[in-house]
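*Asks:* You'll find input-v9.txt just under this line, and it carries compact mmCIF, C-alpha atoms.
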# COMPACT_ATOMS: atom_id res chain seq x y z
CA MET A 25 0.00 0.00 0.00
CA ARG A 26 2.95 2.31 0.65
CA GLU A 27 4.07 2.13 -2.99
CA THR A 28 0.53 2.76 -4.22
CA TYR A 29 0.22 5.80 -1.95
CA PHE A 30 3.33 7.41 -3.46
CA ILE A 31 1.95 6.75 -6.94
CA LEU A 32 -1.38 8.41 -6.15
CA ILE A 33 0.03 11.60 -4.60
CA LYS A 34 1.88 14.48 -6.21
CA LYS A 35 4.96 15.15 -4.12
CA LYS A 36 5.10 18.88 -4.84
CA ALA A 37 1.42 19.29 -3.98
CA GLU A 38 1.86 17.35 -0.74
CA LEU A 39 4.91 19.46 0.19
CA THR A 40 2.96 22.66 -0.47
CA LYS A 41 0.07 21.29 1.57
CA GLY A 42 2.41 20.53 4.46
CA ILE A 43 3.88 24.03 4.39
CA VAL A 44 0.40 25.56 4.42
CA PHE A 45 -0.60 23.36 7.35
CA LEU A 46 2.52 24.42 9.27
CA VAL A 47 1.89 28.14 8.63
CA LEU A 48 -1.73 27.80 9.74
CA LEU A 49 -0.69 25.98 12.91
CA ILE A 50 1.80 28.73 13.73
CA CYS A 51 -0.91 31.36 13.19
CA TYR A 52 -3.57 29.42 15.10
CA SER A 53 -3.62 31.65 18.19
CA TYR A 54 -3.56 34.82 16.13
CA LEU A 55 -6.35 33.80 13.74
CA GLY A 56 -8.48 32.50 16.61
CA GLY A 57 -7.99 35.75 18.51
CA VAL A 58 -8.88 37.87 15.48
CA LEU A 59 -12.07 35.91 14.82
CA ASP A 60 -13.00 36.11 18.50
CA THR A 61 -12.46 39.89 18.45
CA VAL A 62 -14.60 40.30 15.33
CA LEU A 63 -17.48 38.31 16.84
CA THR A 64 -17.18 40.08 20.20
CA ARG A 65 -17.48 43.48 18.52
CA ARG A 66 -20.58 42.54 16.58
CA PHE A 67 -22.52 40.14 18.83
CA SER A 68 -23.50 39.67 22.45
CA PRO A 69 -22.00 36.63 24.29
CA PHE A 70 -25.18 34.57 23.73
CA ASN A 71 -25.38 35.43 20.02
CA ARG A 72 -21.66 34.83 19.58
CA ILE A 73 -22.04 31.24 20.75
CA TYR A 74 -25.13 30.87 18.55
CA VAL A 75 -23.19 32.05 15.47
CA CYS A 76 -20.30 29.71 16.28
CA ARG A 77 -22.60 26.72 16.55
CA LEU A 78 -24.31 27.52 13.26
CA ALA A 79 -20.89 27.95 11.65
CA PHE A 80 -19.85 24.53 13.01
CA PHE A 81 -22.94 22.87 11.50
CA ALA A 82 -22.20 24.59 8.17
CA LEU A 83 -18.58 23.41 8.39
CA LEU A 84 -19.62 19.80 8.97
CA THR A 85 -22.10 19.91 6.09
CA GLY A 86 -19.67 21.54 3.68
CA LEU A 87 -16.83 19.14 4.43
CA THR A 88 -19.13 16.12 4.17
CA VAL A 89 -20.29 17.21 0.72
CA TRP A 90 -16.68 17.92 -0.24
CA ILE A 91 -15.63 14.41 0.82
CA CYS A 92 -18.52 12.95 -1.17
CA ILE A 93 -17.44 14.77 -4.35
CA ARG A 94 -13.77 13.93 -3.82
CA PHE A 95 -14.61 10.27 -3.28
CA LEU A 96 -16.58 10.11 -6.53
CA CYS A 97 -13.63 11.65 -8.40
CA TYR A 98 -11.28 9.19 -6.67
CA ILE A 99 -13.40 6.20 -7.75
CA LYS A 100 -13.73 7.48 -11.30
CA LYS A 101 -9.98 7.95 -11.66
CA ASN A 102 -8.45 5.09 -9.69
CA TRP A 103 -10.84 2.20 -9.06
CA GLU A 104 -9.79 0.09 -12.08
CA SER A 105 -6.08 0.50 -11.33
CA LEU A 106 -6.55 -0.30 -7.65
CA PHE A 107 -8.61 -3.37 -8.52
CA LEU A 108 -5.93 -4.66 -10.91
CA LEU A 109 -3.26 -4.09 -8.27
CA GLY A 110 -5.20 -6.26 -5.83
CA ILE A 111 -5.89 -3.48 -3.34
CA THR A 112 -8.42 -4.61 -0.73
CA PRO A 113 -11.47 -2.46 0.17
CA VAL A 114 -9.89 -1.51 3.50
CA GLU A 115 -6.68 -0.39 1.79
CA CYS A 116 -8.64 1.46 -0.90
CA LEU A 117 -10.57 3.50 1.67
CA LEU A 118 -7.44 4.14 3.73
CA LEU A 119 -5.62 5.39 0.61
CA PHE A 120 -8.49 7.76 -0.05
CA PHE A 121 -8.32 9.22 3.45
CA LEU A 122 -4.52 9.49 3.31
CA THR A 123 -4.65 11.40 0.02
CA ASN A 124 -7.31 13.81 1.33
CA THR A 125 -5.80 14.87 4.65
CA GLU A 126 -6.71 18.52 4.01
CA VAL A 127 -10.36 17.75 4.82
CA LEU A 128 -9.40 16.25 8.18
CA PHE A 129 -7.10 19.18 8.87
CA LEU A 130 -9.70 21.82 8.03
CA GLN A 131 -12.30 20.23 10.28
CA LEU A 132 -9.78 19.91 13.08
CA TYR A 133 -8.39 23.42 12.66
CA LEU A 134 -11.56 25.42 12.08
CA GLY A 135 -13.58 23.33 14.50
CA ALA A 136 -11.00 23.87 17.26
CA ILE A 137 -11.16 27.64 16.68
CA LEU A 138 -14.95 27.63 16.95
CA PHE A 139 -14.81 25.50 20.10
CA ARG A 140 -12.21 27.81 21.60
CA ILE A 141 -14.43 30.86 21.07
CA GLN A 142 -17.20 29.06 22.96
CA GLY A 143 -14.89 28.48 25.92
CA ALA A 144 -14.15 24.80 25.44
CA GLU A 145 -10.90 23.42 26.85
CA GLY A 146 -8.08 22.80 24.38
CA GLY A 147 -7.82 19.04 24.95
CA ALA A 148 -11.57 18.47 24.73
CA ALA A 149 -11.85 20.64 21.62
CA LEU A 150 -9.03 18.76 19.90
CA ALA A 151 -10.35 15.30 20.78
CA LEU A 152 -13.92 16.08 19.74
CA ASN A 153 -12.89 17.60 16.42
CA VAL A 154 -10.78 14.54 15.62
CA LEU A 155 -13.92 12.44 16.05
CA TRP A 156 -16.06 14.89 14.08
CA SER A 157 -13.55 14.97 11.21
CA LEU A 158 -13.55 11.16 11.02
CA LEU A 159 -17.34 11.12 11.19
CA SER A 160 -17.72 13.63 8.34
CA CYS A 161 -15.30 11.58 6.19
CA LEU A 162 -17.17 8.33 6.81
CA VAL A 163 -20.57 9.89 6.10
CA GLY A 164 -19.22 11.61 2.96
CA VAL A 165 -17.94 8.32 1.55
CA MET A 166 -21.23 6.59 2.35
CA LEU A 167 -23.10 9.32 0.48
CA GLY A 168 -20.70 8.90 -2.44
CA LEU A 169 -21.43 5.18 -2.59
CA LYS A 170 -25.16 5.96 -2.91
CA ALA A 171 -24.89 9.06 -5.10
CA HIS A 172 -25.56 7.09 -8.32
CA THR A 173 -28.90 5.82 -7.04
CA GLY A 174 -32.17 7.67 -6.75
CA SER A 175 -32.35 7.23 -2.99
CA LEU A 176 -30.55 10.48 -2.19
CA THR A 177 -32.86 12.37 -4.53
CA VAL A 178 -35.92 10.87 -2.88
CA ILE A 179 -34.62 11.59 0.63
CA GLY A 180 -33.67 15.15 -0.33
CA SER A 181 -37.08 15.77 -1.92
CA VAL A 182 -38.91 14.42 1.14
CA LEU A 183 -36.81 16.51 3.51
CA GLY A 184 -37.28 19.62 1.34
CA ALA A 185 -41.02 19.12 1.20
CA GLY A 186 -41.19 18.53 4.94
CA LEU A 187 -39.15 21.66 5.65
CA ALA A 188 -41.36 23.72 3.35
CA PHE A 189 -44.47 22.39 5.10
CA LEU A 190 -43.11 23.22 8.56
CA LEU A 191 -42.09 26.72 7.49
CA GLY A 192 -45.38 27.34 5.72
CA THR A 193 -47.50 26.27 8.67
CA GLY A 194 -45.39 28.22 11.17
CA ARG A 195 -44.36 25.12 13.10
CA LEU A 196 -40.70 25.93 12.43
CA ASN A 197 -39.47 29.45 13.18
CA TYR A 198 -36.40 31.31 14.34
CA SER A 199 -37.09 30.98 18.05
CA MET A 200 -37.49 27.21 17.77
CA VAL A 201 -34.24 26.84 15.82
CA SER A 202 -32.43 29.13 18.25
CA GLY A 203 -33.74 27.17 21.23
CA TRP A 204 -32.68 23.87 19.69
CA VAL A 205 -29.19 25.09 18.73
CA MET A 206 -28.58 26.54 22.20
CA SER A 207 -30.11 23.62 24.10
CA GLU A 208 -28.13 21.46 26.53
CA SER A 209 -28.53 18.38 24.31
CA ILE A 210 -26.75 20.15 21.43
CA GLY A 211 -24.21 21.60 23.85
CA GLY A 212 -22.79 18.10 24.29
CA MET A 213 -21.46 18.30 20.74
CA PHE A 214 -19.14 21.07 21.88
CA GLY A 215 -17.52 19.33 24.85
CA GLU A 216 -20.10 20.18 27.50
CA ASN A 217 -21.11 16.56 28.03
CA TYR A 218 -18.61 13.71 28.41
CA CYS A 219 -21.26 11.10 27.53
CA PHE A 220 -21.66 12.60 24.05
CA PHE A 221 -17.93 12.13 23.44
CA VAL A 222 -18.18 8.43 24.38
CA LEU A 223 -21.27 7.97 22.19
CA LEU A 224 -19.54 9.57 19.21
CA PHE A 225 -16.46 7.42 19.77
CA LEU A 226 -18.57 4.24 19.78
CA CYS A 227 -20.41 5.25 16.57
CA LEU A 228 -17.20 5.47 14.51
CA PRO A 229 -16.35 1.72 14.33
CA ILE A 230 -20.00 0.93 13.54
CA LEU A 231 -19.98 3.42 10.65
CA TRP A 232 -16.63 2.08 9.45
CA LEU A 233 -17.95 -1.48 9.27
CA LEU A 234 -21.13 -0.29 7.56
CA GLU A 235 -19.05 1.64 5.04
CA LEU A 236 -16.88 -1.39 4.26
CA TRP A 237 -20.02 -3.48 3.71
CA MET A 238 -21.46 -0.84 1.37
CA TYR A 239 -18.18 -0.57 -0.52
CA GLN A 240 -17.94 -4.33 -1.05
CA ARG A 241 -21.51 -4.50 -2.35
CA ALA A 242 -21.25 -1.40 -4.58
CA ASP A 243 -20.73 -1.64 -8.34
CA LEU A 244 -17.87 0.85 -8.70
CA SER A 245 -18.04 0.88 -12.50
CA VAL A 246 -21.64 2.12 -12.35
CA ILE A 247 -20.67 4.81 -9.83
CA ALA A 248 -17.80 6.00 -12.04
CA ASP A 249 -19.93 6.07 -15.21
CA SER A 250 -22.82 7.90 -13.57
CA GLN A 251 -20.48 10.54 -12.17
CA TYR A 252 -18.95 11.06 -15.62
CA ALA A 253 -22.35 11.43 -17.22
CA PHE A 254 -23.45 13.95 -14.60
CA ARG A 255 -20.36 16.15 -14.87
CA THR A 256 -20.08 16.10 -18.63
CA HIS A 257 -23.54 15.89 -20.12
CA TRP A 258 -26.04 17.15 -17.56
CA LEU A 259 -24.15 20.30 -16.61
CA GLY A 260 -23.20 21.12 -20.19
CA ASP A 261 -26.75 20.63 -21.38
CA LEU A 262 -28.04 22.90 -18.60
CA PHE A 263 -25.84 25.81 -19.67
CA HIS A 264 -26.62 25.17 -23.32
CA ARG A 265 -30.31 25.58 -22.55
CA LEU A 266 -29.86 28.62 -20.33
CA SER A 267 -27.71 30.66 -22.68
CA ARG A 268 -27.22 30.99 -26.42
CA TRP A 269 -23.56 31.89 -25.99
CA CYS A 270 -22.18 30.37 -22.82
CA ILE A 271 -18.44 30.87 -23.28
CA TRP A 272 -17.94 32.83 -20.05
CA GLU A 273 -19.97 30.39 -17.96
CA LYS A 274 -17.88 27.54 -19.35
CA ASN A 275 -14.61 29.22 -18.44
CA TYR A 276 -15.90 30.41 -15.08
CA ILE A 277 -16.81 26.90 -13.96
CA TRP A 278 -13.73 25.30 -15.52
CA ILE A 279 -11.22 27.45 -13.61
CA TYR A 280 -12.86 26.56 -10.29
CA ARG A 281 -11.74 22.97 -10.82
CA ASN A 282 -8.18 24.22 -10.24
CA ARG A 283 -7.38 23.45 -6.59
CA GLU A 284 -4.70 26.12 -6.44
CA PHE A 285 -7.17 28.74 -7.67
CA LEU A 286 -9.84 27.53 -5.23
CA PHE A 287 -7.39 27.69 -2.33
CA TRP A 288 -6.37 31.21 -3.33
CA LYS A 289 -9.99 32.32 -3.51
CA LEU A 290 -10.75 30.94 -0.06
CA SER A 291 -7.61 32.45 1.49
CA ALA A 292 -8.16 35.83 -0.14
CA GLY A 293 -11.83 35.77 0.87
CA VAL A 294 -10.98 35.12 4.52
CA PHE A 295 -8.39 37.92 4.52
CA PHE A 296 -10.77 40.36 2.82
CA ALA A 297 -13.54 39.47 5.28
CA LEU A 298 -11.21 40.22 8.21
CA VAL A 299 -10.29 43.60 6.72
CA CYS A 300 -13.97 44.42 6.17
CA CYS A 301 -14.78 43.56 9.79
CA LEU A 302 -11.77 45.16 11.50
CA SER A 303 -11.26 48.32 9.44
CA GLU A 304 -13.63 51.28 9.30
CA SER A 305 -11.73 52.91 6.41
CA PHE A 306 -13.02 52.29 2.91
CA LEU A 307 -9.55 53.08 1.53
CA ALA A 308 -8.09 50.05 3.35
CA VAL A 309 -10.94 47.85 2.10
CA PHE A 310 -10.57 49.20 -1.45
CA LEU A 311 -6.80 48.70 -1.58
CA THR A 312 -7.15 45.18 -0.18
CA ALA A 313 -9.78 44.26 -2.78
CA TYR A 314 -7.73 45.82 -5.56
CA GLY A 315 -4.58 43.96 -4.51
CA ILE A 316 -6.47 40.67 -4.38
CA CYS A 317 -7.87 41.27 -7.87
CA LEU A 318 -4.40 42.08 -9.24
CA VAL A 319 -3.14 38.70 -8.05
CA THR A 320 -6.27 36.92 -9.29
CA SER A 321 -5.80 38.47 -12.74
CA PHE A 322 -2.86 36.10 -13.30
CA TYR A 323 -5.41 33.27 -13.43
CA LEU A 324 -6.94 34.90 -16.51
CA LEU A 325 -3.85 33.55 -18.26
CA GLU A 326 -5.17 30.03 -17.56
CA ILE A 327 -8.42 30.97 -19.30
CA TYR A 328 -6.44 32.28 -22.26
CA ARG A 329 -4.44 29.05 -22.50
CA PHE A 330 -7.68 27.11 -22.40
CA GLU A 331 -9.07 29.21 -25.25
CA ARG A 332 -5.93 28.61 -27.32
CA ARG A 333 -6.90 24.95 -27.43
CA ASN A 334 -10.23 25.99 -28.96
CA PHE A 335 -8.51 27.67 -31.91
CA LEU A 336 -9.83 25.23 -34.50
CA ILE A 337 -13.41 25.72 -33.27
CA TYR A 338 -13.12 29.50 -33.57
CA TYR A 339 -11.37 29.21 -36.94
CA MET A 340 -14.22 27.13 -38.35
CA SER A 341 -17.01 29.30 -36.89
CA ASP A 342 -18.29 32.84 -37.47
CA TYR A 343 -17.61 33.91 -33.90
CA SER A 344 -16.74 37.61 -34.05
CA TYR A 345 -13.95 39.24 -32.08
CA PRO A 346 -16.20 41.84 -30.35
CA ARG A 347 -18.41 39.03 -29.08
CA LEU A 348 -15.38 36.99 -27.98
CA LEU A 349 -13.85 39.92 -26.11
CA ARG A 350 -17.19 40.82 -24.52
CA ASP A 351 -17.65 37.27 -23.24
CA GLU A 352 -14.09 37.03 -21.96
CA VAL A 353 -14.36 40.38 -20.18
CA TRP A 354 -17.66 39.41 -18.59
CA GLY A 355 -16.29 36.07 -17.43
CA GLY A 356 -13.09 37.70 -16.17
CA PHE A 357 -15.12 40.30 -14.28
CA TRP A 358 -16.95 37.64 -12.26
CA LEU A 359 -13.78 35.61 -11.88
CA LEU A 360 -11.95 38.56 -10.33
CA GLY A 361 -14.69 39.94 -8.14
CA ASP A 362 -17.30 37.33 -7.25
CA HIS A 363 -16.05 36.80 -3.68
CA ILE A 364 -15.26 40.52 -3.27
CA PHE A 365 -18.80 41.57 -4.16
CA LEU A 366 -20.41 38.91 -1.97
CA LEU A 367 -18.32 39.67 1.13
CA PHE A 368 -18.61 43.43 0.73
CA ALA A 369 -22.40 43.18 0.38
CA LEU A 370 -22.69 40.94 3.46
CA LEU A 371 -20.23 42.74 5.74
CA ARG A 372 -20.24 46.41 4.70
CA LEU A 373 -23.37 47.26 2.76
CA ARG A 374 -25.51 49.23 5.23
CA ASN A 375 -26.37 52.56 3.57
CA GLY A 376 -26.23 54.59 0.36
CA THR A 377 -22.58 55.55 0.89
CA GLN A 378 -21.53 51.91 1.09
CA LEU A 379 -23.58 51.20 -2.03
CA PHE A 380 -21.60 53.90 -3.86
CA TYR A 381 -18.36 52.28 -2.68
CA LEU A 382 -19.57 48.93 -3.95
CA LEU A 383 -20.34 50.41 -7.37
CA LEU A 384 -16.86 51.96 -7.39
CA LEU A 385 -15.35 48.51 -6.75
CA VAL A 386 -17.48 47.05 -9.53
CA ALA A 387 -16.26 49.70 -12.00
CA VAL A 388 -12.58 49.23 -11.10
CA ILE A 389 -12.71 45.44 -11.32
CA PHE A 390 -14.57 45.64 -14.64
CA LEU A 391 -11.89 47.94 -16.08
CA LEU A 392 -9.19 45.57 -14.83
CA SER A 393 -10.89 42.68 -16.63
CA VAL A 394 -11.17 44.74 -19.83
CA PHE A 395 -7.51 45.74 -19.72
CA VAL A 396 -6.05 42.29 -19.00
CA ASN A 397 -8.27 40.43 -21.46
CA GLY A 398 -7.68 43.08 -24.12
CA SER A 399 -3.94 42.54 -23.73
CA LEU A 400 -4.17 38.73 -23.77
CA PHE A 401 -6.39 38.42 -26.85
CA ALA A 402 -4.71 41.16 -28.90
CA PHE A 403 -2.53 38.60 -30.69
CA TYR A 404 -4.59 35.43 -30.24
CA PRO A 405 -3.52 32.58 -30.42
CA LYS A 406 0.03 33.68 -29.63
CA LYS A 407 1.53 32.16 -26.47
CA GLN A 408 1.42 34.33 -23.35
CA CYS A 409 3.21 33.95 -20.03
CA ALA A 410 3.06 35.41 -16.52
CA ALA A 411 5.66 38.03 -17.48
CA ASP A 412 3.21 39.40 -20.07
CA ILE A 413 0.61 39.82 -17.34
CA CYS A 414 3.16 41.70 -15.21
CA VAL A 415 3.89 44.07 -18.09
CA THR A 416 0.17 44.55 -18.68
CA LEU A 417 -0.45 45.44 -15.03
CA LEU A 418 2.43 47.94 -15.12
CA LYS A 419 0.92 49.59 -18.20
CA LEU A 420 -2.44 49.69 -16.45
CA HIS A 421 -1.04 52.07 -13.83
CA LEU A 422 0.38 54.56 -16.32
CA PRO A 423 -1.96 57.59 -16.33
CA VAL A 424 -3.70 58.41 -19.63
CA VAL A 425 -1.33 56.19 -21.61
CA GLN A 426 -3.22 53.05 -20.61
CA VAL A 427 -6.23 54.25 -22.63
CA TRP A 428 -4.06 54.39 -25.73
CA PHE A 429 -2.68 50.89 -25.01
CA LEU A 430 -6.19 49.48 -24.63
CA TYR A 431 -7.35 51.12 -27.86
CA GLN A 432 -4.37 49.68 -29.76
CA TRP A 433 -4.93 46.21 -28.29
CA ILE A 434 -8.58 46.14 -29.29
CA ARG A 435 -7.77 47.29 -32.83
CA GLN A 436 -4.94 44.80 -33.15
CA GLY A 437 -7.06 41.97 -31.75
CA LYS A 438 -9.90 42.65 -34.19
CA ARG A 439 -7.51 42.86 -37.12
CA ASN A 440 -5.69 39.71 -36.11
CA TRP A 441 -8.96 37.80 -35.57
CA GLU A 442 -10.21 38.67 -39.05
CA ARG A 443 -6.96 37.41 -40.59
CA LEU A 444 -6.67 34.16 -38.69
CA GLY A 445 -5.07 31.41 -40.72
CA TYR A 446 -4.81 27.73 -39.96
CA GLU A 447 -1.04 28.06 -39.73
CA TYR A 448 -1.63 29.96 -36.44
CA ARG A 449 -3.14 26.89 -34.80
CA ALA A 450 -2.21 26.46 -31.11
Have the structure of the file written as structure tokens, please.

*Replies:*
Amino acid sequence: MRETYFILIKKKAELTKGIVFLVLLICYSYLGGVLDTVLTRRFSPFNRIYVCRLAFFALLTGLTVWICIRFLCYIKKNWESLFLLGITPVECLLLFFLTNTEVLFLQLYLGAILFRIQGAEGGAALALNVLWSLLSCLVGVMLGLKAHTGSLTVIGSVLGAGLAFLLGTGRLNYSMVSGWVMSESIGGMFGENYCFFVLLFLCLPILWLLELWMYQRADLSVIADSQYAFRTHWLGDLFHRLSRWCIWEKNYIWIYRNREFLFWKLSAGVFFALVCCLSESFLAVFLTAYGICLVTSFYLLEIYRFERRNFLIYYMSDYSYPRLLRDEVWGGFWLLGDHIFLLFALLRLRNGTQLFYLLLLVAVIFLLSVFVNGSLFAFYPKKQCAADICVTLLKLHLPVVQVWFLYQWIRQGKRNWERLGYEYRA
């Protein structure tokens, strides 16, 4: 199993992951203190605990869904090879958990911070979050083993209908949810009841045996094929029906499959949220958002490289350059600012002045998308590199002259697009 593990992992990615884990562990006290300060400023002690508990439920749900998706991708990619190598079900599941340690770490790290804010002791918080992380992984894999069947759809529909009925009849309201979340029975989940810890510990081996039984009975080829059909055909057909020209939606979703990009978005979002909560100055918020977007603009190069592979499609079609540039700018705009807009609206938008600031951010990020995409597609399908993005960003900050650069790029791009020849193929 050791040799198989080293085949499945990417050593550079694992090294980077280890460095990130180490940095986060070093900054644990600082990040926990900052989050505690933010919550203390905005909420009363009772409401602060309530928010932490809701955040913990959201964390468990999100990581369970993440494990489910990662397990389906793992089965699709590796199950045939593992079967031919004679890997047993126990070893297969252990290899999956060993190659997805970031999920365990996130649950342990973020859960411990939330427990700490609620006043839980360090040892109890650590032990409980170890159990919760293992529980979320086991449940996520079990959901993945049943994702190809209609049972999850039926259960989800029944639960959705029941929730809608309770909300519609008034039998479920805020006070009831608040009372349940803050009740003593739920408090045991957060280290307030030793019996809950023992119960959770005893549930883990039962779930592990149940998971092994489900894995041995599952038809992995059916699971892999159904996942492929869902990702490729269903999603593509949905966007085809929703939009006549869906180039920017395609690129927008495709780039989010990049783990590095996703990690950057999450890290930048957390940092921007802290600045929004701790700083009263819009200038600090604006400069932070602008700096984040400048770094994110380098990922527009990945979109450009993706589009270079579509050269033959564009060469054979009547797709015009103005429409191409419009779609790329629109997609780049959302790619640069989606998390910025969402966090600013949630954390800062309180009055007309803040709305004006939000519109100012929208305008600046839109112009950044226009400038970078105009530079990239001026000589399509010529190869571009990160150094070209650096030069473009330097030109962006030259007063007045940047307008002339943008005008020249758009003219050159249109002229080059109209003269495309097959010898330019990527």

*Asks:* Can you tell me, as a PyMOL selection string, what residues are no more than 12 Å from stretch 329-332 of chain A when counting all atoms listed in the file, ignoring any on the same chain fewer than 3 positions away?

*Replies:* chain A and resi 271-272+274-276+278-279+322-326+335-339+348-349+351-352+397+400-401+403-410+448-450

*Asks:* To one decimal place in Å, what is the distance between atom CA of A:His363 and atom CA of A:Ser305?

*Replies:*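 Between atom CA of A:His363 and atom CA of A:Ser305 the gap is 19.5 Å.
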
*Asks:* Between atom CA of A:Ile91 and atom CA of A:Leu117, what is the distance, to one decimal in Å?

*Replies:*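 According to the coordinates, atom CA of A:Ile91 and atom CA of A:Leu117 are separated by 12.1 Å.
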
*Asks:* Calculate how many Å separate atom CA of A:Leu385 from atom CA of A:Trp433, rounding to one decimal.

*Replies:*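 If I compute the distance from atom CA of A:Leu385 to atom CA of A:Trp433, I get 24.0 Å.
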
*Asks:* Give me the residues within 10 Å of A:Gly147 as a list in words, counting all atoms listed in the file and dropping any in the same chain fewer than 3 places off.

*Replies:* Ala136, Ala144, Leu150, Ala151, Leu152 and Gly215 of chain A

*Asks:* Grab the residues selected above and save them as a compact mmCIF listing (two decimals), in the coordinates of the input with C-alpha atoms.

*Replies:*
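Output saved as selection.txt:
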# COMPACT_ATOMS: atom_id res chain seq x y z
CA ALA A 136 -11.00 23.87 17.26
CA ALA A 144 -14.15 24.80 25.44
CA LEU A 150 -9.03 18.76 19.90
CA ALA A 151 -10.35 15.30 20.78
CA LEU A 152 -13.92 16.08 19.74
CA GLY A 215 -17.52 19.33 24.85

*Asks:* Around all of stretch 227-241 of chain A's listed atoms, make the axis-aligned box with 3 Å on each side and tell me centre and edge lengths in Å to one decimal, as JSON.

*Replies:*
{"center_x": -18.9, "center_y": 0.5, "center_z": 7.1, "size_x": 11.2, "size_y": 16.0, "size_z": 24.9}

*Asks:* Considering only C-alpha atoms, state which residue in the set A:Met206, A:Leu370, A:Ala402, A:Met166 is at the smallest distance from A:Glu235.

*Replies:* A:Met166
